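Text of entry_15.cif, listed as mmCIF, C-alpha atoms:
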```
data_query
loop_
_atom_site.group_PDB
_atom_site.id
_atom_site.type_symbol
_atom_site.label_atom_id
_atom_site.label_comp_id
_atom_site.auth_asym_id
_atom_site.auth_seq_id
_atom_site.Cartn_x
_atom_site.Cartn_y
_atom_site.Cartn_z
ATOM 1 C CA MET A 1 51.154 33.702 -61.353
ATOM 2 C CA LEU A 2 47.961 35.689 -60.894
ATOM 3 C CA ARG A 3 48.662 39.380 -60.420
ATOM 4 C CA LYS A 4 46.657 40.927 -57.605
ATOM 5 C CA GLU A 5 45.548 43.926 -59.658
ATOM 6 C CA ILE A 6 43.432 41.746 -61.952
ATOM 7 C CA ILE A 7 41.545 40.055 -59.105
ATOM 8 C CA PRO A 8 38.814 42.753 -58.987
ATOM 9 C CA SER A 9 38.287 42.324 -62.729
ATOM 10 C CA LEU A 10 38.018 38.565 -62.372
ATOM 11 C CA LEU A 11 35.467 39.055 -59.584
ATOM 12 C CA VAL A 12 33.420 41.363 -61.817
ATOM 13 C CA ILE A 13 33.495 38.818 -64.646
ATOM 14 C CA LEU A 14 32.503 36.026 -62.248
ATOM 15 C CA MET A 15 29.653 38.000 -60.684
ATOM 16 C CA GLY A 16 28.445 39.274 -64.064
ATOM 17 C CA SER A 17 28.446 35.756 -65.471
ATOM 18 C CA ILE A 18 26.524 34.411 -62.488
ATOM 19 C CA ASP A 19 24.056 37.280 -62.891
ATOM 20 C CA ALA A 20 23.570 36.444 -66.580
ATOM 21 C CA VAL A 21 23.113 32.710 -65.965
ATOM 22 C CA THR A 22 20.690 33.174 -63.067
ATOM 23 C CA THR A 23 18.707 35.683 -65.133
ATOM 24 C CA VAL A 24 18.440 33.210 -68.011
ATOM 25 C CA ILE A 25 17.385 30.426 -65.646
ATOM 26 C CA GLY A 26 14.810 32.683 -64.029
ATOM 27 C CA VAL A 27 13.357 33.994 -67.273
ATOM 28 C CA PHE A 28 13.305 30.827 -69.356
ATOM 29 C CA TYR A 29 12.759 28.126 -66.743
ATOM 30 C CA SER A 30 11.011 29.759 -63.789
ATOM 31 C CA GLY A 31 8.700 32.172 -65.577
ATOM 32 C CA ASP A 32 10.272 35.255 -63.999
ATOM 33 C CA LYS A 33 10.987 38.417 -65.959
ATOM 34 C CA GLU A 34 13.905 40.774 -66.409
ATOM 35 C CA LEU A 35 13.276 44.036 -64.567
ATOM 36 C CA ASN A 36 15.736 46.126 -66.588
ATOM 37 C CA PRO A 37 13.609 47.473 -69.465
ATOM 38 C CA LEU A 38 16.561 47.664 -71.866
ATOM 39 C CA MET A 39 17.607 44.098 -71.222
ATOM 40 C CA ALA A 40 14.022 42.791 -71.081
ATOM 41 C CA SER A 41 13.519 43.422 -74.770
ATOM 42 C CA ILE A 42 16.772 41.627 -75.597
ATOM 43 C CA VAL A 43 16.124 38.642 -73.333
ATOM 44 C CA SER A 44 12.629 38.183 -74.767
ATOM 45 C CA THR A 45 14.053 38.187 -78.304
ATOM 46 C CA SER A 46 17.108 35.938 -78.070
ATOM 47 C CA ILE A 47 18.950 34.195 -75.286
ATOM 48 C CA GLY A 48 22.188 34.301 -77.284
ATOM 49 C CA ALA A 49 21.951 38.045 -77.844
ATOM 50 C CA PHE A 50 21.172 38.566 -74.163
ATOM 51 C CA LEU A 51 24.208 36.556 -73.050
ATOM 52 C CA LEU A 52 26.421 38.290 -75.623
ATOM 53 C CA VAL A 53 25.378 41.759 -74.457
ATOM 54 C CA LYS A 54 25.451 40.923 -70.743
ATOM 55 C CA ILE A 55 28.785 39.108 -70.653
ATOM 56 C CA GLY A 56 30.324 41.412 -73.269
ATOM 57 C CA ALA A 57 29.485 44.461 -71.159
ATOM 58 C CA THR A 58 30.860 42.727 -68.070
ATOM 59 C CA ILE A 59 34.162 41.916 -69.768
ATOM 60 C CA PHE A 60 34.401 45.457 -71.167
ATOM 61 C CA ILE A 61 33.960 46.932 -67.678
ATOM 62 C CA ALA A 62 36.517 44.520 -66.226
ATOM 63 C CA LEU A 63 39.079 45.447 -68.877
ATOM 64 C CA THR A 64 38.374 49.135 -68.299
ATOM 65 C CA TYR A 65 39.482 48.742 -64.684
ATOM 66 C CA ILE A 66 42.734 47.063 -65.712
ATOM 67 C CA PHE A 67 43.528 49.751 -68.287
ATOM 68 C CA ALA A 68 42.594 52.599 -65.925
ATOM 69 C CA ARG A 69 44.789 51.169 -63.181
ATOM 70 C CA ARG A 70 47.719 50.722 -65.559
ATOM 71 C CA LEU A 71 47.270 54.269 -66.814
ATOM 72 C CA LEU A 72 47.311 55.593 -63.257
ATOM 73 C CA MET A 73 50.432 53.604 -62.438
ATOM 74 C CA ARG A 74 52.246 55.309 -65.316
ATOM 75 C CA MET A 75 51.779 58.735 -63.735
ATOM 76 C CA PRO A 76 55.152 60.227 -62.883
ATOM 77 C CA ASP A 77 54.051 61.664 -59.521
ATOM 78 C CA ARG A 78 52.374 58.893 -57.560
ATOM 79 C CA ASN A 79 52.579 60.919 -54.363
ATOM 80 C CA GLY A 80 50.564 63.821 -55.735
ATOM 81 C CA ARG A 81 47.017 64.699 -54.847
ATOM 82 C CA ALA A 82 45.683 63.981 -58.341
ATOM 83 C CA PHE A 83 47.007 60.427 -58.233
ATOM 84 C CA ARG A 84 45.623 59.744 -54.767
ATOM 85 C CA TYR A 85 42.158 61.091 -55.613
ATOM 86 C CA SER A 86 42.057 59.251 -58.926
ATOM 87 C CA PHE A 87 43.180 55.999 -57.356
ATOM 88 C CA LYS A 88 40.646 56.322 -54.540
ATOM 89 C CA PHE A 89 37.877 57.143 -57.017
ATOM 90 C CA LEU A 90 38.750 54.091 -59.132
ATOM 91 C CA THR A 91 38.857 51.863 -56.071
ATOM 92 C CA PHE A 92 35.527 53.120 -54.672
ATOM 93 C CA ALA A 93 33.833 52.937 -58.070
ATOM 94 C CA TYR A 94 34.941 49.337 -58.471
ATOM 95 C CA ALA A 95 33.927 48.442 -54.923
ATOM 96 C CA GLY A 96 30.500 49.960 -55.624
ATOM 97 C CA LEU A 97 30.227 47.948 -58.829
ATOM 98 C CA LEU A 98 31.089 44.739 -56.993
ATOM 99 C CA CYS A 99 28.479 45.515 -54.324
ATOM 100 C CA TYR A 100 25.874 46.169 -57.026
ATOM 101 C CA LEU A 101 26.669 42.891 -58.781
ATOM 102 C CA PHE A 102 26.569 41.028 -55.483
ATOM 103 C CA LEU A 103 23.101 42.433 -54.783
ATOM 104 C CA ALA A 104 21.936 41.558 -58.312
ATOM 105 C CA VAL A 105 23.138 37.965 -57.947
ATOM 106 C CA ALA A 106 21.649 37.689 -54.443
ATOM 107 C CA ASN A 107 18.325 38.994 -55.761
ATOM 108 C CA ASN A 108 18.353 36.533 -58.662
ATOM 109 C CA LEU A 109 19.107 33.629 -56.330
ATOM 110 C CA LEU A 110 16.357 34.669 -53.922
ATOM 111 C CA VAL A 111 13.857 34.854 -56.796
ATOM 112 C CA LEU A 112 14.914 31.421 -58.032
ATOM 113 C CA VAL A 113 14.659 29.849 -54.579
ATOM 114 C CA ARG A 114 11.112 31.041 -53.907
#
```
Can you dump the structure from the file as structure tokens?
Amino acid sequence: MLRKEIIPSLLVILMGSIDAVTTVIGVFYSGDKELNPLMASIVSTSIGAFLLVKIGATIFIALTYIFARRLLMRMPDRNGRAFRYSFKFLTFAYAGLLCYLFLAVANNLLVLVR
């Protein structure tokens, strides 16, 4: 059964993968260019390296959320202020990341459609 605490990580992996694929389609098939200067040099060099870096970073971030959540859940005092603030920070940071990835994918799709 799928545990609910890994759903945000799966969403990040899904959105990051869609972002990578739409970027590759845009750059190699539509003549668009990568706007991130760090990734632009990689995507112009090798599609394989670009996908490895992009999806590798996405998976690393997704696993970081799982490990951070598990670490928080091991805290002895889950009713304390430190736990609440840490848990809220982790939740808001991940929600912000999901919003950012959603906007990146939406932007890529809009560029491909035009």
Can you list what the PyMOL selection byres ((chain A and resi 62-78) around 12) grabs from this structure, as an mmCIF file with C-alpha atoms, in the frame of the given file?
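out.cif, freshly written:
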```cif
data_model
loop_
_atom_site.group_PDB
_atom_site.id
_atom_site.type_symbol
_atom_site.label_atom_id
_atom_site.label_comp_id
_atom_site.auth_asym_id
_atom_site.auth_seq_id
_atom_site.Cartn_x
_atom_site.Cartn_y
_atom_site.Cartn_z
ATOM 1 C CA ARG A 3 48.662 39.380 -60.420
ATOM 2 C CA LYS A 4 46.657 40.927 -57.605
ATOM 3 C CA GLU A 5 45.548 43.926 -59.658
ATOM 4 C CA ILE A 6 43.432 41.746 -61.952
ATOM 5 C CA ILE A 7 41.545 40.055 -59.105
ATOM 6 C CA PRO A 8 38.814 42.753 -58.987
ATOM 7 C CA SER A 9 38.287 42.324 -62.729
ATOM 8 C CA LEU A 10 38.018 38.565 -62.372
ATOM 9 C CA LEU A 11 35.467 39.055 -59.584
ATOM 10 C CA VAL A 12 33.420 41.363 -61.817
ATOM 11 C CA ILE A 13 33.495 38.818 -64.646
ATOM 12 C CA LEU A 14 32.503 36.026 -62.248
ATOM 13 C CA MET A 15 29.653 38.000 -60.684
ATOM 14 C CA GLY A 16 28.445 39.274 -64.064
ATOM 15 C CA SER A 17 28.446 35.756 -65.471
ATOM 16 C CA ILE A 55 28.785 39.108 -70.653
ATOM 17 C CA GLY A 56 30.324 41.412 -73.269
ATOM 18 C CA ALA A 57 29.485 44.461 -71.159
ATOM 19 C CA THR A 58 30.860 42.727 -68.070
ATOM 20 C CA ILE A 59 34.162 41.916 -69.768
ATOM 21 C CA PHE A 60 34.401 45.457 -71.167
ATOM 22 C CA ILE A 61 33.960 46.932 -67.678
ATOM 23 C CA ASN A 79 52.579 60.919 -54.363
ATOM 24 C CA GLY A 80 50.564 63.821 -55.735
ATOM 25 C CA ARG A 81 47.017 64.699 -54.847
ATOM 26 C CA ALA A 82 45.683 63.981 -58.341
ATOM 27 C CA PHE A 83 47.007 60.427 -58.233
ATOM 28 C CA ARG A 84 45.623 59.744 -54.767
ATOM 29 C CA TYR A 85 42.158 61.091 -55.613
ATOM 30 C CA SER A 86 42.057 59.251 -58.926
ATOM 31 C CA PHE A 87 43.180 55.999 -57.356
ATOM 32 C CA LYS A 88 40.646 56.322 -54.540
ATOM 33 C CA PHE A 89 37.877 57.143 -57.017
ATOM 34 C CA LEU A 90 38.750 54.091 -59.132
ATOM 35 C CA THR A 91 38.857 51.863 -56.071
ATOM 36 C CA PHE A 92 35.527 53.120 -54.672
ATOM 37 C CA ALA A 93 33.833 52.937 -58.070
ATOM 38 C CA TYR A 94 34.941 49.337 -58.471
ATOM 39 C CA ALA A 95 33.927 48.442 -54.923
ATOM 40 C CA LEU A 97 30.227 47.948 -58.829
ATOM 41 C CA LEU A 98 31.089 44.739 -56.993
#
```
Given the point (14.7, 37.8, -55.1) in the coordinates of this file, which residues lie within 12 Å, counting all atoms listed in the file, and how would they look as an mmCIF file with C-alpha atoms, keeping the file's coordinate frame?
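Now in selection22.cif:
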```cif
data_model
loop_
_atom_site.group_PDB
_atom_site.id
_atom_site.type_symbol
_atom_site.label_atom_id
_atom_site.label_comp_id
_atom_site.auth_asym_id
_atom_site.auth_seq_id
_atom_site.Cartn_x
_atom_site.Cartn_y
_atom_site.Cartn_z
ATOM 1 C CA THR A 22 20.690 33.174 -63.067
ATOM 2 C CA THR A 23 18.707 35.683 -65.133
ATOM 3 C CA GLY A 26 14.810 32.683 -64.029
ATOM 4 C CA ASP A 32 10.272 35.255 -63.999
ATOM 5 C CA LYS A 33 10.987 38.417 -65.959
ATOM 6 C CA GLU A 34 13.905 40.774 -66.409
ATOM 7 C CA LEU A 35 13.276 44.036 -64.567
ATOM 8 C CA LEU A 103 23.101 42.433 -54.783
ATOM 9 C CA ALA A 104 21.936 41.558 -58.312
ATOM 10 C CA VAL A 105 23.138 37.965 -57.947
ATOM 11 C CA ALA A 106 21.649 37.689 -54.443
ATOM 12 C CA ASN A 107 18.325 38.994 -55.761
ATOM 13 C CA ASN A 108 18.353 36.533 -58.662
ATOM 14 C CA LEU A 109 19.107 33.629 -56.330
ATOM 15 C CA LEU A 110 16.357 34.669 -53.922
ATOM 16 C CA VAL A 111 13.857 34.854 -56.796
ATOM 17 C CA LEU A 112 14.914 31.421 -58.032
ATOM 18 C CA VAL A 113 14.659 29.849 -54.579
ATOM 19 C CA ARG A 114 11.112 31.041 -53.907
#
```
Would you pick out the contacts of range 36-50 of chain A at 9 Å or less, using all atoms listed in the file, so that residues sharing its chain but fewer than 4 positions from it are not included, and give the list as a ChimeraX atom specification?
/A:20,24,27-28,54-55
Centre and edges of the range 45-64 of chain A box, axis-aligned, 3 Å extra per side, as lines of an AutoDock Vina configuration file:
```
center_x = 26.6
center_y = 41.7
center_z = -72.3
size_x = 31.0
size_y = 20.9
size_z = 18.1
```
Could you pull range 17-55 of chain A out of the block above and save it with N, CA and C atoms, as a PDB file, in the first residue's frame?
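Result file is out38.pdb:
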```pdb
ATOM      1  N   SER A  17      10.194  15.143 -13.730  1.00  0.00           N
ATOM      2  CA  SER A  17      10.363  14.354 -14.948  1.00  0.00           C
ATOM      3  C   SER A  17       9.642  14.997 -16.127  1.00  0.00           C
ATOM      4  N   ILE A  18       8.437  15.489 -15.886  1.00  0.00           N
ATOM      5  CA  ILE A  18       7.705  16.183 -16.946  1.00  0.00           C
ATOM      6  C   ILE A  18       8.459  17.438 -17.365  1.00  0.00           C
ATOM      7  N   ASP A  19       9.024  18.159 -16.403  1.00  0.00           N
ATOM      8  CA  ASP A  19       9.817  19.341 -16.705  1.00  0.00           C
ATOM      9  C   ASP A  19      11.015  18.979 -17.573  1.00  0.00           C
ATOM     10  N   ALA A  20      11.712  17.903 -17.232  1.00  0.00           N
ATOM     11  CA  ALA A  20      12.882  17.481 -18.006  1.00  0.00           C
ATOM     12  C   ALA A  20      12.493  17.082 -19.428  1.00  0.00           C
ATOM     13  N   VAL A  21      11.437  16.302 -19.559  1.00  0.00           N
ATOM     14  CA  VAL A  21      11.011  15.839 -20.892  1.00  0.00           C
ATOM     15  C   VAL A  21      10.529  17.005 -21.752  1.00  0.00           C
ATOM     16  N   THR A  22       9.740  17.904 -21.184  1.00  0.00           N
ATOM     17  CA  THR A  22       9.261  19.038 -21.979  1.00  0.00           C
ATOM     18  C   THR A  22      10.401  19.985 -22.342  1.00  0.00           C
ATOM     19  N   THR A  23      11.406  20.086 -21.485  1.00  0.00           N
ATOM     20  CA  THR A  23      12.576  20.902 -21.818  1.00  0.00           C
ATOM     21  C   THR A  23      13.337  20.285 -22.977  1.00  0.00           C
ATOM     22  N   VAL A  24      13.531  18.973 -22.942  1.00  0.00           N
ATOM     23  CA  VAL A  24      14.233  18.291 -24.034  1.00  0.00           C
ATOM     24  C   VAL A  24      13.463  18.434 -25.340  1.00  0.00           C
ATOM     25  N   ILE A  25      12.158  18.255 -25.284  1.00  0.00           N
ATOM     26  CA  ILE A  25      11.338  18.409 -26.497  1.00  0.00           C
ATOM     27  C   ILE A  25      11.448  19.832 -27.025  1.00  0.00           C
ATOM     28  N   GLY A  26      11.369  20.799 -26.141  1.00  0.00           N
ATOM     29  CA  GLY A  26      11.455  22.193 -26.560  1.00  0.00           C
ATOM     30  C   GLY A  26      12.802  22.555 -27.152  1.00  0.00           C
ATOM     31  N   VAL A  27      13.872  22.086 -26.531  1.00  0.00           N
ATOM     32  CA  VAL A  27      15.210  22.454 -26.985  1.00  0.00           C
ATOM     33  C   VAL A  27      15.594  21.723 -28.273  1.00  0.00           C
ATOM     34  N   PHE A  28      15.350  20.435 -28.328  1.00  0.00           N
ATOM     35  CA  PHE A  28      15.839  19.651 -29.459  1.00  0.00           C
ATOM     36  C   PHE A  28      14.869  19.571 -30.630  1.00  0.00           C
ATOM     37  N   TYR A  29      13.583  19.763 -30.400  1.00  0.00           N
ATOM     38  CA  TYR A  29      12.625  19.595 -31.480  1.00  0.00           C
ATOM     39  C   TYR A  29      11.884  20.869 -31.857  1.00  0.00           C
ATOM     40  N   SER A  30      11.834  21.842 -30.965  1.00  0.00           N
ATOM     41  CA  SER A  30      11.102  23.071 -31.265  1.00  0.00           C
ATOM     42  C   SER A  30      12.009  24.279 -31.436  1.00  0.00           C
ATOM     43  N   GLY A  31      13.292  24.103 -31.211  1.00  0.00           N
ATOM     44  CA  GLY A  31      14.221  25.221 -31.374  1.00  0.00           C
ATOM     45  C   GLY A  31      14.224  26.210 -30.226  1.00  0.00           C
ATOM     46  N   ASP A  32      13.603  25.862 -29.113  1.00  0.00           N
ATOM     47  CA  ASP A  32      13.609  26.739 -27.940  1.00  0.00           C
ATOM     48  C   ASP A  32      14.940  26.592 -27.222  1.00  0.00           C
ATOM     49  N   LYS A  33      15.144  27.385 -26.162  1.00  0.00           N
ATOM     50  CA  LYS A  33      16.381  27.256 -25.409  1.00  0.00           C
ATOM     51  C   LYS A  33      16.099  27.241 -23.922  1.00  0.00           C
ATOM     52  N   GLU A  34      17.001  26.604 -23.204  1.00  0.00           N
ATOM     53  CA  GLU A  34      16.930  26.527 -21.743  1.00  0.00           C
ATOM     54  C   GLU A  34      17.309  27.885 -21.179  1.00  0.00           C
ATOM     55  N   LEU A  35      16.483  28.405 -20.273  1.00  0.00           N
ATOM     56  CA  LEU A  35      16.729  29.727 -19.707  1.00  0.00           C
ATOM     57  C   LEU A  35      17.656  29.692 -18.498  1.00  0.00           C
ATOM     58  N   ASN A  36      17.779  28.552 -17.843  1.00  0.00           N
ATOM     59  CA  ASN A  36      18.684  28.424 -16.709  1.00  0.00           C
ATOM     60  C   ASN A  36      20.113  28.336 -17.257  1.00  0.00           C
ATOM     61  N   PRO A  37      20.966  29.318 -16.953  1.00  0.00           N
ATOM     62  CA  PRO A  37      22.305  29.320 -17.548  1.00  0.00           C
ATOM     63  C   PRO A  37      23.158  28.108 -17.161  1.00  0.00           C
ATOM     64  N   LEU A  38      22.963  27.572 -15.965  1.00  0.00           N
ATOM     65  CA  LEU A  38      23.732  26.389 -15.577  1.00  0.00           C
ATOM     66  C   LEU A  38      23.307  25.158 -16.376  1.00  0.00           C
ATOM     67  N   MET A  39      22.015  25.025 -16.554  1.00  0.00           N
ATOM     68  CA  MET A  39      21.508  23.865 -17.285  1.00  0.00           C
ATOM     69  C   MET A  39      21.641  24.036 -18.795  1.00  0.00           C
ATOM     70  N   ALA A  40      21.701  25.279 -19.276  1.00  0.00           N
ATOM     71  CA  ALA A  40      21.812  25.520 -20.713  1.00  0.00           C
ATOM     72  C   ALA A  40      23.108  24.954 -21.270  1.00  0.00           C
ATOM     73  N   SER A  41      24.182  25.086 -20.514  1.00  0.00           N
ATOM     74  CA  SER A  41      25.450  24.546 -20.994  1.00  0.00           C
ATOM     75  C   SER A  41      25.424  23.020 -21.023  1.00  0.00           C
ATOM     76  N   ILE A  42      24.723  22.414 -20.074  1.00  0.00           N
ATOM     77  CA  ILE A  42      24.637  20.949 -20.051  1.00  0.00           C
ATOM     78  C   ILE A  42      23.734  20.447 -21.167  1.00  0.00           C
ATOM     79  N   VAL A  43      22.593  21.097 -21.362  1.00  0.00           N
ATOM     80  CA  VAL A  43      21.647  20.631 -22.379  1.00  0.00           C
ATOM     81  C   VAL A  43      22.218  20.810 -23.786  1.00  0.00           C
ATOM     82  N   SER A  44      23.053  21.823 -23.980  1.00  0.00           N
ATOM     83  CA  SER A  44      23.649  22.013 -25.305  1.00  0.00           C
ATOM     84  C   SER A  44      24.758  21.003 -25.568  1.00  0.00           C
ATOM     85  N   THR A  45      25.320  20.428 -24.515  1.00  0.00           N
ATOM     86  CA  THR A  45      26.407  19.462 -24.656  1.00  0.00           C
ATOM     87  C   THR A  45      25.885  18.045 -24.885  1.00  0.00           C
ATOM     88  N   SER A  46      24.983  17.598 -23.998  1.00  0.00           N
ATOM     89  CA  SER A  46      24.531  16.209 -24.065  1.00  0.00           C
ATOM     90  C   SER A  46      23.141  16.067 -23.467  1.00  0.00           C
ATOM     91  N   ILE A  47      22.269  15.446 -24.220  1.00  0.00           N
ATOM     92  CA  ILE A  47      20.914  15.222 -23.715  1.00  0.00           C
ATOM     93  C   ILE A  47      20.922  14.228 -22.552  1.00  0.00           C
ATOM     94  N   GLY A  48      21.779  13.224 -22.635  1.00  0.00           N
ATOM     95  CA  GLY A  48      21.877  12.234 -21.563  1.00  0.00           C
ATOM     96  C   GLY A  48      22.356  12.848 -20.262  1.00  0.00           C
ATOM     97  N   ALA A  49      23.373  13.700 -20.356  1.00  0.00           N
ATOM     98  CA  ALA A  49      23.884  14.366 -19.152  1.00  0.00           C
ATOM     99  C   ALA A  49      22.825  15.286 -18.567  1.00  0.00           C
ATOM    100  N   PHE A  50      22.099  15.981 -19.438  1.00  0.00           N
ATOM    101  CA  PHE A  50      21.034  16.871 -18.964  1.00  0.00           C
ATOM    102  C   PHE A  50      19.980  16.076 -18.200  1.00  0.00           C
ATOM    103  N   LEU A  51      19.508  14.985 -18.787  1.00  0.00           N
ATOM    104  CA  LEU A  51      18.480  14.174 -18.129  1.00  0.00           C
ATOM    105  C   LEU A  51      19.003  13.569 -16.828  1.00  0.00           C
ATOM    106  N   LEU A  52      20.262  13.140 -16.820  1.00  0.00           N
ATOM    107  CA  LEU A  52      20.849  12.572 -15.611  1.00  0.00           C
ATOM    108  C   LEU A  52      20.900  13.608 -14.489  1.00  0.00           C
ATOM    109  N   VAL A  53      21.344  14.808 -14.802  1.00  0.00           N
ATOM    110  CA  VAL A  53      21.434  15.860 -13.788  1.00  0.00           C
ATOM    111  C   VAL A  53      20.043  16.280 -13.327  1.00  0.00           C
ATOM    112  N   LYS A  54      19.144  16.502 -14.275  1.00  0.00           N
ATOM    113  CA  LYS A  54      17.808  17.008 -13.951  1.00  0.00           C
ATOM    114  C   LYS A  54      17.002  15.994 -13.127  1.00  0.00           C
ATOM    115  N   ILE A  55      16.948  14.770 -13.581  1.00  0.00           N
ATOM    116  CA  ILE A  55      16.155  13.763 -12.873  1.00  0.00           C
ATOM    117  C   ILE A  55      16.877  13.308 -11.607  1.00  0.00           C
TER     118      ILE A  55
END
```
